[in-house]
Amino acid sequence: MFFTVKIIKFQFNKSIKYFATSNIQVFASQNLHFQAVKPKEEKKKPKSTRPAVVSYTYNHPEGDKKQVSGEMPPSYSPGYVEAAWYAWWEKSGFFKPEYGRDLSKPNPAGSYCMVIPPPNVTGVLHIGHALTNSIEDALVRYNRMCGKTTLWVPGCDHAGIATQVVVEKQLKKERDISRHDIGREAFNAEAMKWKSEKETYIYKQLKAMGGTYDWSRACFTMDPKMCKAVTEAFIRLHDKGLIFRQNRLVNWSCSLKSAISDIEVEKVEVKGKTLKKVPGYADPVEVGIIEEFQYKVVGSKDTVTVATTRLETMLGDTAVAVHPEDDRYKHLHGKAVHHPFRKCNIPIITDEFVDRQFGTGCVKITPAHDFNDYEVGMRHKLPFVECINDDGLINEVVPMYSGMRRFDARVAVRRALQELGQYVACRDHEMVVPTCSRSKDIVEPLLKPQWWVNCKGMAARSIKKVEDGELKIIPSHFEKTWYSWLDDCRDWCISRQLWWGHQIPAYKVNIAGKPSDDLDNGMWVSAHSEEEAMKKAVAKFNVPESQISLYRDEDVLDTWFSSGIFPFSVMSWPDSTLDLKTFYPNNVLETGHDILFFWVARMVMMGLELTDELPFTEVYLHPMIRDAHGVKMSKSLGNVVDPLFIVNGISLEDLHKTLDNGYLAEKEIIRARAGQKQLYPNGIPECGTDALRFALCSYLTQARDLNLDVLRIEGYRKFCNKMWNATKYALMQLGDQYQPPSRDFMAYPVEGIDLSYIDKWILNRAAVAISDTNTAFKDYAFQQCTTAIYNFWLYDLCDVYLEASKRVFYKGSAPEQAAARHTLYTCLDVGLRLIHPFMPFISEELWQRLPRLGEERAPSLVVASYPQVWIMRVDQGIDARMNLVKEIIHTARSVKDTYLESKAKPEVFLTSSEDLTPALSAMEDLIGCSVLHLNQPIPSGTAVGTVGNKCEIHVLVKGLVDPVKEINRLKQKRSAVEKSLEQIKETIAKHSDKVPEHVKQSNHEKSSQLTAELSTIDTAIGSFTKLTL
């Protein structure tokens, strides 16, 4: 197999919005007393185009090392840079913990292990997964470079309900059949085909994102070793009595005919009467109303009025509750009301849960169909009357409604109550409609015999681990959520009425001649096989095998059960393997904060219970990604993006086509296309993996949400180009015969090397970047980490040092050039190592092109050492002095650009109380002046700028500029800006509630920009006016 990349050219016409003042540039500098404006001639703006994608075309077997000996392309191209490296890394075994090590022997630097939050095999990864991958790979690469034995385990989750739903939709759409038409075994085979297809693409995405997973240890949650671990976990918990079977209320999806977990229940808020589409109903169902009706008090002419948002459930009412201290109803204590349809009496009970201030102060109690009522029913030992079946049909509790769909029954009950004169009123009601996230059905609380986990003891133990500091949650403000959830941790329903998943390893024991009750928890045994179950049953009931028959539960386990043991099941638990001994407990668990309870807490509880150890010692929770306007990601809104679309670029037309490959309804597709067009009117430009990863990590703060703007990612692509050009320049200056200094160059004097002022400064900046980056990594402060690296590369190395070095390489002496070469090489080597965890591809590409240190034996940055803090031999106060120098340079440039054309090289006079002699030559080149005079007499005809009270900069402009001409030009521009400002203010004044928030915000930002521009122009006019006096 040979590796080749075709050349593909993309051209995106950007929609660039600018104002009439777009030819005025504003240069702002810290601590300056004016803003400078440079007028330019009007020019026709050329069409903005995306650069051509340069390809890597060297043919060699896939997995061989990339050839970098040739000439560098003229500019950075992600397609060229990212080609071939990953296959070589993987083939070389760099991702394996065994690389260069013997796992049976301890590593003095320690080990570092993490497991992927296994993505569901329901579809492709989205940008949220890209965030997870970027964070985790940065951590893994950093720790590997710090010398630790590192393991990152990849895998996918079978996602029981979600996968079953999409496979059923696929069968219906493509073959017009249901799972019941083909049976359980054939359906699971179809689901496994789906899994294989999606898993392959998911792993392709993860590799394209640069994830350094050990692919030889990849796990699917239904692999044989994982099934063994899940079965063992269930049996151990069941044998301890922590898993039990009981008839309780569950969240039930009538369309799926299965219980669903809390995380699969969407809380849809409605403000009032709303029509909602429900599966199985041709017409929308009315929600967001509350209805009042009366019950007649038995033996009296009195009535009590109750209210409900689910009128059909009154068929299952078994009591009416009032508050014991409510004087209005004390005369009714102990009495009963008559049920008009069941023709029976139900009691009036007293309970303090009743809110006397809400409604009439009377509450209907339906223990079999409401979670709050269930608790009341248990307290008062009320009968539990079920009125709705698994499929959402009314049962025979009231024969006249038997077989009627629940929401049709709602209308029928209303009509019947009206005919009886017992219907009171209906009004709008703000409420939450619990909706199944998979089927979009309205969730129905139903009584079902299910398997439950008693979490109380495990939850208390998990709380204590955080309280004692053994488990650290980052950011720490999520500890409050941790305590809140676990303090009120209820029993966990772990059974699902599905076909796809881990079938529950529990067997109902039927004994000949003995009544059998499916709800009797004591009649169940759990085992790895039917043979083992029989042995357990014989021993438990002390009867011969011939009198026993077994029935295995057909339900499957909640997906979160198998996910809950993922950190140790991937290590082949319960077997005592080398991996389990070496890498368990894991070091950290990184995931989104939205599944802190559903996954993280359950891993901690199950890890403590089954292994007597925490599964990890730190939890890092990242924010949820929203689109650029802060809207939650949703396929139906068109703002869910495959990260490879950002990596490779995609046109709007092709983006639209991706919607046709899913299972969205036609109305949702239309809505999603509109969303895509709004967010990406010109498609998505090719940004590359490195820019995407760096951008995502640079967003990270302790906020709960992260608004992603693709334009910001494109900005980091330009940063990559800056790094590319800096390295090209450096390699040109180093030359083919250059020999790098020793690793200790930054820490100890090197014979024959006399560093200049600017050399010492940039090496000090490198040391600061190293210190800040290492500290930030240890604190999970990713934004500070990326900022430290970005600032070093862009503002220190590229903007200052490289510019200053040009004079040295063109005019300096041989010793000066030698010192500059060593300094430049050292900064590039350090900078590429620092950025590698975030930008693995470009850092590897450029590092491989650098001359190699004599003692450097690492074949790749993947396994090279990460820079650590060195003891610097430079003046520790050099940063403060250099900051002053940079302010002088910025101020001088601003003054110069205010009055003169960019190519002009005027004389500049600098007066300062500071000794700036060492930096004089560097300042002269960076300012762009012909001569820089220090503390010399100031001639007339100069423009002045100041830096605090420390120095003044005088730029000689006399004879080089026509002030009158420039004033007239600026006045014309001022008129244009004033006109634009008036127009935007008129638009803002006409804003209505229908105008989208992001449009309002954009208009206000334009107004602020134009106002600031007016001020800048006025300042410039004043400056030119002074020259006419």
# chains A, B, ... in the order shown; residues from 1 in each chain; ligands from 1
call {"tool": "select_by_dssp", "arguments": {"residues": "region 113-156 of chain A", "states": "helix (DSSP H, G or I)", "output": "list in words"}}
result
Ile127, Gly128, His129, Ala130, Leu131, Thr132, Asn133, Ser134, Ile135, Glu136, Asp137, Ala138, Leu139, Val140, Arg141, Tyr142, Asn143, Arg144 and Met145 of chain A
call {"tool": "residues_around", "arguments": {"residues": "Lys985 (chain A)", "least_positions_apart": "3", "cutoff": "12 Å", "atoms": "only C-alpha atoms", "output": "list in words"}}
result
Glu978, Lys979, Ser980, Leu981, Glu982, Ile988, Ala989, Lys990, His991, Lys1000, Asn1003, His1004, Glu1005, Lys1006, Ser1007, Ser1008, Leu1010 and Thr1011 of chain A
call {"tool": "write_last_selection", "arguments": {"atoms": "all heavy atoms", "output": "compact mmCIF listing (two decimals), in the first residue's frame"}}
result
# COMPACT_ATOMS: atom_id res chain seq x y z
N GLU A 978 -19.88 59.55 10.01
CA GLU A 978 -21.06 60.12 10.66
C GLU A 978 -22.35 59.62 10.00
O GLU A 978 -23.32 59.28 10.67
CB GLU A 978 -21.01 61.65 10.60
CG GLU A 978 -20.11 62.27 11.65
CD GLU A 978 -20.20 63.79 11.62
OE1 GLU A 978 -20.16 64.36 10.52
OE2 GLU A 978 -20.30 64.39 12.70
N LYS A 979 -22.33 59.55 8.67
CA LYS A 979 -23.51 59.09 7.93
C LYS A 979 -23.81 57.62 8.26
O LYS A 979 -24.96 57.25 8.50
CB LYS A 979 -23.27 59.26 6.43
CG LYS A 979 -24.49 58.91 5.58
CD LYS A 979 -24.22 59.18 4.11
CE LYS A 979 -25.44 58.82 3.26
NZ LYS A 979 -25.20 59.06 1.82
N SER A 980 -22.76 56.80 8.30
CA SER A 980 -22.95 55.38 8.62
C SER A 980 -23.47 55.23 10.04
O SER A 980 -24.32 54.38 10.32
CB SER A 980 -21.62 54.63 8.47
OG SER A 980 -21.18 54.65 7.14
N LEU A 981 -22.97 56.06 10.97
CA LEU A 981 -23.40 55.98 12.36
C LEU A 981 -24.87 56.36 12.50
O LEU A 981 -25.63 55.73 13.25
CB LEU A 981 -22.53 56.88 13.23
CG LEU A 981 -22.80 56.85 14.74
CD1 LEU A 981 -22.65 55.44 15.29
CD2 LEU A 981 -21.86 57.81 15.47
N GLU A 982 -25.29 57.40 11.78
CA GLU A 982 -26.70 57.81 11.82
C GLU A 982 -27.60 56.68 11.32
O GLU A 982 -28.66 56.40 11.88
CB GLU A 982 -26.91 59.07 10.97
CG GLU A 982 -26.31 60.32 11.58
CD GLU A 982 -26.39 61.52 10.64
OE1 GLU A 982 -27.02 61.36 9.56
OE2 GLU A 982 -25.85 62.59 10.97
N ILE A 988 -31.21 50.65 14.89
CA ILE A 988 -31.34 50.20 16.28
C ILE A 988 -32.64 50.72 16.89
O ILE A 988 -33.33 50.00 17.63
CB ILE A 988 -30.13 50.68 17.11
CG1 ILE A 988 -28.86 49.93 16.67
CG2 ILE A 988 -30.37 50.48 18.60
CD1 ILE A 988 -27.58 50.45 17.30
N ALA A 989 -33.00 51.95 16.56
CA ALA A 989 -34.22 52.55 17.11
C ALA A 989 -35.47 51.80 16.64
O ALA A 989 -36.50 51.82 17.32
CB ALA A 989 -34.31 54.03 16.71
N LYS A 990 -35.38 51.13 15.50
CA LYS A 990 -36.53 50.41 14.94
C LYS A 990 -36.58 48.94 15.35
O LYS A 990 -37.44 48.20 14.90
CB LYS A 990 -36.50 50.51 13.40
CG LYS A 990 -36.67 51.92 12.88
CD LYS A 990 -36.55 51.96 11.36
CE LYS A 990 -36.65 53.38 10.83
NZ LYS A 990 -36.48 53.42 9.36
N HIS A 991 -35.64 48.51 16.19
CA HIS A 991 -35.62 47.11 16.63
C HIS A 991 -36.93 46.73 17.30
O HIS A 991 -37.48 47.47 18.11
CB HIS A 991 -34.48 46.87 17.63
CG HIS A 991 -33.15 46.69 16.96
ND1 HIS A 991 -31.96 46.67 17.66
CD2 HIS A 991 -32.82 46.52 15.66
CE1 HIS A 991 -30.96 46.52 16.82
NE2 HIS A 991 -31.45 46.43 15.60
N LYS A 1000 -29.39 42.18 16.90
CA LYS A 1000 -29.35 43.37 17.75
C LYS A 1000 -27.94 43.61 18.28
O LYS A 1000 -27.43 44.74 18.26
CB LYS A 1000 -30.32 43.20 18.92
CG LYS A 1000 -31.79 43.17 18.54
CD LYS A 1000 -32.65 43.01 19.80
CE LYS A 1000 -34.12 42.96 19.46
NZ LYS A 1000 -34.97 42.77 20.66
N ASN A 1003 -25.62 44.97 15.58
CA ASN A 1003 -25.85 46.39 15.27
C ASN A 1003 -25.29 47.30 16.36
O ASN A 1003 -24.72 48.36 16.07
CB ASN A 1003 -27.34 46.65 15.08
CG ASN A 1003 -27.86 46.08 13.78
OD1 ASN A 1003 -27.10 45.91 12.81
ND2 ASN A 1003 -29.14 45.76 13.73
N HIS A 1004 -25.44 46.91 17.62
CA HIS A 1004 -24.87 47.71 18.71
C HIS A 1004 -23.35 47.72 18.64
O HIS A 1004 -22.71 48.74 18.93
CB HIS A 1004 -25.35 47.16 20.05
CG HIS A 1004 -26.74 47.54 20.42
ND1 HIS A 1004 -27.12 48.84 20.73
CD2 HIS A 1004 -27.88 46.80 20.51
CE1 HIS A 1004 -28.40 48.89 20.99
NE2 HIS A 1004 -28.90 47.67 20.87
N GLU A 1005 -22.77 46.59 18.26
CA GLU A 1005 -21.30 46.54 18.12
C GLU A 1005 -20.84 47.46 16.99
O GLU A 1005 -19.83 48.16 17.12
CB GLU A 1005 -20.86 45.11 17.84
CG GLU A 1005 -20.97 44.19 19.06
CD GLU A 1005 -20.65 42.75 18.73
OE1 GLU A 1005 -20.42 42.45 17.53
OE2 GLU A 1005 -20.64 41.92 19.66
N LYS A 1006 -21.58 47.50 15.88
CA LYS A 1006 -21.24 48.39 14.77
C LYS A 1006 -21.31 49.85 15.20
O LYS A 1006 -20.44 50.66 14.85
CB LYS A 1006 -22.19 48.15 13.59
CG LYS A 1006 -22.01 46.81 12.90
CD LYS A 1006 -23.08 46.62 11.83
CE LYS A 1006 -23.02 45.23 11.22
NZ LYS A 1006 -24.11 45.00 10.25
N SER A 1007 -22.34 50.16 15.99
CA SER A 1007 -22.49 51.53 16.48
C SER A 1007 -21.30 51.92 17.35
O SER A 1007 -20.75 53.03 17.21
CB SER A 1007 -23.79 51.65 17.28
OG SER A 1007 -23.91 52.93 17.84
N SER A 1008 -20.88 51.03 18.22
CA SER A 1008 -19.73 51.31 19.09
C SER A 1008 -18.46 51.49 18.29
O SER A 1008 -17.63 52.38 18.55
CB SER A 1008 -19.55 50.17 20.11
OG SER A 1008 -20.69 50.06 20.94
N LEU A 1010 -18.16 52.47 15.14
CA LEU A 1010 -18.20 53.73 14.40
C LEU A 1010 -17.98 54.92 15.32
O LEU A 1010 -17.32 55.89 14.94
CB LEU A 1010 -19.55 53.85 13.67
CG LEU A 1010 -19.77 52.87 12.52
CD1 LEU A 1010 -21.21 52.90 12.05
CD2 LEU A 1010 -18.82 53.18 11.36
N THR A 1011 -18.54 54.86 16.52
CA THR A 1011 -18.33 55.95 17.49
C THR A 1011 -16.85 56.06 17.84
O THR A 1011 -16.29 57.17 17.92
CB THR A 1011 -19.16 55.68 18.77
OG1 THR A 1011 -20.54 55.60 18.41
CG2 THR A 1011 -18.96 56.80 19.78
call {"tool": "select_by_dssp", "arguments": {"residues": "region 689-934 of chain A", "states": "strand (DSSP E or B)", "output": "PyMOL selection string"}}
result
chain A and resi 705-707+907-912+931-934
call {"tool": "residues_around", "arguments": {"residues": "Phe407 (chain A)", "least_positions_apart": "4", "cutoff": "12 Å", "atoms": "only C-alpha atoms", "output": "number ranges by chain"}}
result
A: 276-287, 309-313, 388, 392-394, 401, 403, 411-414, 441-442, 444
call {"tool": "residues_around", "arguments": {"residues": "Pro615 (chain A)", "least_positions_apart": "2", "cutoff": "6 Å", "atoms": "only C-alpha atoms", "output": "list in words"}}
result
Pro585, Asn586 and Gly607 of chain A
call {"tool": "residues_around", "arguments": {"residues": "Ile835 (chain A)", "least_positions_apart": "2", "cutoff": "12 Å", "atoms": "only C-alpha atoms", "output": "NGL selection string"}}
result
:A and (138 or 141-142 or 145 or 690-691 or 693-694 or 697 or 720 or 723 or 769-770 or 773-774 or 777 or 782 or 785-793 or 828-833 or 837-844 or 846-847 or 861-862 or 866-867)
call {"tool": "residues_around", "arguments": {"residues": "region 170-176 of chain A", "least_positions_apart": "4", "cutoff": "12 Å", "atoms": "only C-alpha atoms", "output": "JSON, numbers by chain"}}
result
{"A": [122, 163, 164, 165, 166, 180, 181, 182, 186, 187, 190, 191, 193, 194, 661, 662, 663, 664, 665]}
call {"tool": "residues_around", "arguments": {"residues": "Lys195 (chain A)", "least_positions_apart": "4", "cutoff": "10 Å", "atoms": "only C-alpha atoms", "output": "PyMOL selection string"}}
result
chain A and resi 120-123+156-159+163+167+189-191+199-200+220
call {"tool": "write_last_selection", "arguments": {"atoms": "C-alpha atoms", "output": "PDB file, in the first residue's frame"}}
result
ATOM      1  CA  ASN A 120     -22.277   5.937  21.159  1.00  0.00           C
ATOM      2  CA  VAL A 121     -22.312   3.927  17.929  1.00  0.00           C
ATOM      3  CA  THR A 122     -25.510   5.714  16.925  1.00  0.00           C
ATOM      4  CA  GLY A 123     -23.761   7.965  14.410  1.00  0.00           C
ATOM      5  CA  CYS A 156     -17.350   2.710  21.789  1.00  0.00           C
ATOM      6  CA  ASP A 157     -20.594   2.247  23.687  1.00  0.00           C
ATOM      7  CA  HIS A 158     -23.419   0.053  22.364  1.00  0.00           C
ATOM      8  CA  ALA A 159     -25.955   2.728  23.465  1.00  0.00           C
ATOM      9  CA  THR A 163     -28.948   2.333  18.694  1.00  0.00           C
ATOM     10  CA  VAL A 167     -31.637   0.648  13.508  1.00  0.00           C
ATOM     11  CA  ALA A 189     -27.292  -8.980  13.830  1.00  0.00           C
ATOM     12  CA  GLU A 190     -28.550  -5.870  11.998  1.00  0.00           C
ATOM     13  CA  ALA A 191     -27.571  -3.727  14.973  1.00  0.00           C
ATOM     14  CA  GLU A 199     -17.436   2.348  14.799  1.00  0.00           C
ATOM     15  CA  THR A 200     -15.132   2.322  11.774  1.00  0.00           C
ATOM     16  CA  PHE A 220     -16.622  -2.125  22.501  1.00  0.00           C
TER      17      PHE A 220
END
call {"tool": "atom_distance", "arguments": {"atom1": "CA of Pro324 (chain A)", "atom2": "CA of Thr350 (chain A)"}}
result
5.0 Å
call {"tool": "closest_residue", "arguments": {"among": "A:Val556, A:Cys426, A:Met404, A:Val115", "to": "Ala218 (chain A)", "atoms": "only C-alpha atoms"}}
result
A:Val115
call {"tool": "closest_residue", "arguments": {"among": "A:Pro119, A:Pro574, A:Gly155, A:Gly812", "to": "Ala229 (chain A)", "atoms": "only C-alpha atoms"}}
result
A:Pro574
call {"tool": "closest_residue", "arguments": {"among": "A:Glu924, A:Asp759, A:Glu197, A:Asp262", "to": "Pro445 (chain A)", "atoms": "only C-alpha atoms"}}
result
A:Asp262
call {"tool": "closest_residue", "arguments": {"among": "A:Lys508, A:Lys335, A:Lys330, A:Arg356", "to": "Ser549 (chain A)", "atoms": "only C-alpha atoms"}}
result
A:Lys508
call {"tool": "closest_residue", "arguments": {"among": "A:Gln205, A:Thr231, A:Thr617, A:Asn510", "to": "Ile548 (chain A)", "atoms": "only C-alpha atoms"}}
result
A:Asn510
call {"tool": "atom_distance", "arguments": {"atom1": "CA of Lys958 (chain A)", "atom2": "CA of Leu1027 (chain A)"}}
result
8.3 Å
call {"tool": "atom_distance", "arguments": {"atom1": "CA of Ala83 (chain A)", "atom2": "CA of Glu71 (chain A)"}}
result
16.0 Å
call {"tool": "closest_residue", "arguments": {"among": "A:Leu382, A:Leu970, A:Ala766, A:Ala321", "to": "Cys362 (chain A)", "atoms": "only C-alpha atoms"}}
result
A:Ala321
call {"tool": "closest_atom_pairs", "arguments": {"of": "region 419-483 of chain A", "to": "region 599-604 of chain A", "cutoff": "10 Å", "atoms": "only C-alpha atoms", "output": "JSON lines"}}
result
{"residue": "A:Cys455", "atom": "CA", "partner": "A:Arg602", "partner_atom": "CA", "distance": 9.1}
{"residue": "A:Met458", "atom": "CA", "partner": "A:Val604", "partner_atom": "CA", "distance": 8.5}
{"residue": "A:Ala459", "atom": "CA", "partner": "A:Ala601", "partner_atom": "CA", "distance": 8.1}
{"residue": "A:Arg461", "atom": "CA", "partner": "A:Val604", "partner_atom": "CA", "distance": 9.2}
{"residue": "A:Ser462", "atom": "CA", "partner": "A:Val604", "partner_atom": "CA", "distance": 6.4}
{"residue": "A:Ile463", "atom": "CA", "partner": "A:Ala601", "partner_atom": "CA", "distance": 9.4}
{"residue": "A:Lys465", "atom": "CA", "partner": "A:Val604", "partner_atom": "CA", "distance": 9.4}
{"residue": "A:Leu471", "atom": "CA", "partner": "A:Val604", "partner_atom": "CA", "distance": 9.3}
{"residue": "A:Trp482", "atom": "CA", "partner": "A:Ala601", "partner_atom": "CA", "distance": 7.8}
call {"tool": "decode", "arguments": {"residues": "region 952-969 of chain A", "atoms": "N, CA and C atoms", "output": "PDB file, in the first residue's frame"}}
result
ATOM      1  N   GLU A 952       9.950  60.099  26.133  1.00  0.00           N
ATOM      2  CA  GLU A 952       9.230  60.738  25.035  1.00  0.00           C
ATOM      3  C   GLU A 952       9.842  60.295  23.721  1.00  0.00           C
ATOM      4  N   ILE A 953       8.980  60.140  22.709  1.00  0.00           N
ATOM      5  CA  ILE A 953       9.444  59.758  21.371  1.00  0.00           C
ATOM      6  C   ILE A 953       9.091  60.902  20.429  1.00  0.00           C
ATOM      7  N   HIS A 954      10.078  61.418  19.734  1.00  0.00           N
ATOM      8  CA  HIS A 954       9.884  62.513  18.777  1.00  0.00           C
ATOM      9  C   HIS A 954      10.227  61.992  17.380  1.00  0.00           C
ATOM     10  N   VAL A 955       9.229  62.045  16.487  1.00  0.00           N
ATOM     11  CA  VAL A 955       9.428  61.598  15.104  1.00  0.00           C
ATOM     12  C   VAL A 955       9.511  62.832  14.220  1.00  0.00           C
ATOM     13  N   LEU A 956      10.616  62.960  13.500  1.00  0.00           N
ATOM     14  CA  LEU A 956      10.825  64.121  12.646  1.00  0.00           C
ATOM     15  C   LEU A 956       9.994  63.954  11.370  1.00  0.00           C
ATOM     16  N   VAL A 957       8.913  64.763  11.254  1.00  0.00           N
ATOM     17  CA  VAL A 957       8.017  64.646  10.101  1.00  0.00           C
ATOM     18  C   VAL A 957       8.046  65.896   9.225  1.00  0.00           C
ATOM     19  N   LYS A 958       8.750  66.914   9.671  1.00  0.00           N
ATOM     20  CA  LYS A 958       8.796  68.164   8.915  1.00  0.00           C
ATOM     21  C   LYS A 958       9.351  67.907   7.522  1.00  0.00           C
ATOM     22  N   GLY A 959       8.596  68.370   6.526  1.00  0.00           N
ATOM     23  CA  GLY A 959       9.025  68.203   5.148  1.00  0.00           C
ATOM     24  C   GLY A 959       8.635  66.873   4.538  1.00  0.00           C
ATOM     25  N   LEU A 960       8.068  65.973   5.328  1.00  0.00           N
ATOM     26  CA  LEU A 960       7.704  64.650   4.817  1.00  0.00           C
ATOM     27  C   LEU A 960       6.194  64.470   4.658  1.00  0.00           C
ATOM     28  N   VAL A 961       5.403  65.456   5.108  1.00  0.00           N
ATOM     29  CA  VAL A 961       3.956  65.309   5.069  1.00  0.00           C
ATOM     30  C   VAL A 961       3.307  66.652   4.812  1.00  0.00           C
ATOM     31  N   ASP A 962       2.150  66.685   4.132  1.00  0.00           N
ATOM     32  CA  ASP A 962       1.368  67.899   3.890  1.00  0.00           C
ATOM     33  C   ASP A 962       0.180  67.872   4.845  1.00  0.00           C
ATOM     34  N   PRO A 963       0.274  68.586   5.975  1.00  0.00           N
ATOM     35  CA  PRO A 963      -0.789  68.506   6.998  1.00  0.00           C
ATOM     36  C   PRO A 963      -2.160  68.933   6.491  1.00  0.00           C
ATOM     37  N   VAL A 964      -2.207  69.986   5.660  1.00  0.00           N
ATOM     38  CA  VAL A 964      -3.493  70.496   5.173  1.00  0.00           C
ATOM     39  C   VAL A 964      -4.213  69.447   4.325  1.00  0.00           C
ATOM     40  N   LYS A 965      -3.452  68.803   3.460  1.00  0.00           N
ATOM     41  CA  LYS A 965      -4.025  67.778   2.592  1.00  0.00           C
ATOM     42  C   LYS A 965      -4.583  66.612   3.424  1.00  0.00           C
ATOM     43  N   GLU A 966      -3.826  66.227   4.444  1.00  0.00           N
ATOM     44  CA  GLU A 966      -4.265  65.110   5.271  1.00  0.00           C
ATOM     45  C   GLU A 966      -5.487  65.477   6.090  1.00  0.00           C
ATOM     46  N   ILE A 967      -5.571  66.725   6.565  1.00  0.00           N
ATOM     47  CA  ILE A 967      -6.745  67.162   7.340  1.00  0.00           C
ATOM     48  C   ILE A 967      -7.992  67.106   6.472  1.00  0.00           C
ATOM     49  N   ASN A 968      -7.899  67.614   5.229  1.00  0.00           N
ATOM     50  CA  ASN A 968      -9.051  67.594   4.316  1.00  0.00           C
ATOM     51  C   ASN A 968      -9.517  66.166   4.046  1.00  0.00           C
ATOM     52  N   ARG A 969      -8.562  65.256   3.849  1.00  0.00           N
ATOM     53  CA  ARG A 969      -8.915  63.853   3.581  1.00  0.00           C
ATOM     54  C   ARG A 969      -9.639  63.243   4.790  1.00  0.00           C
TER      55      ARG A 969
END
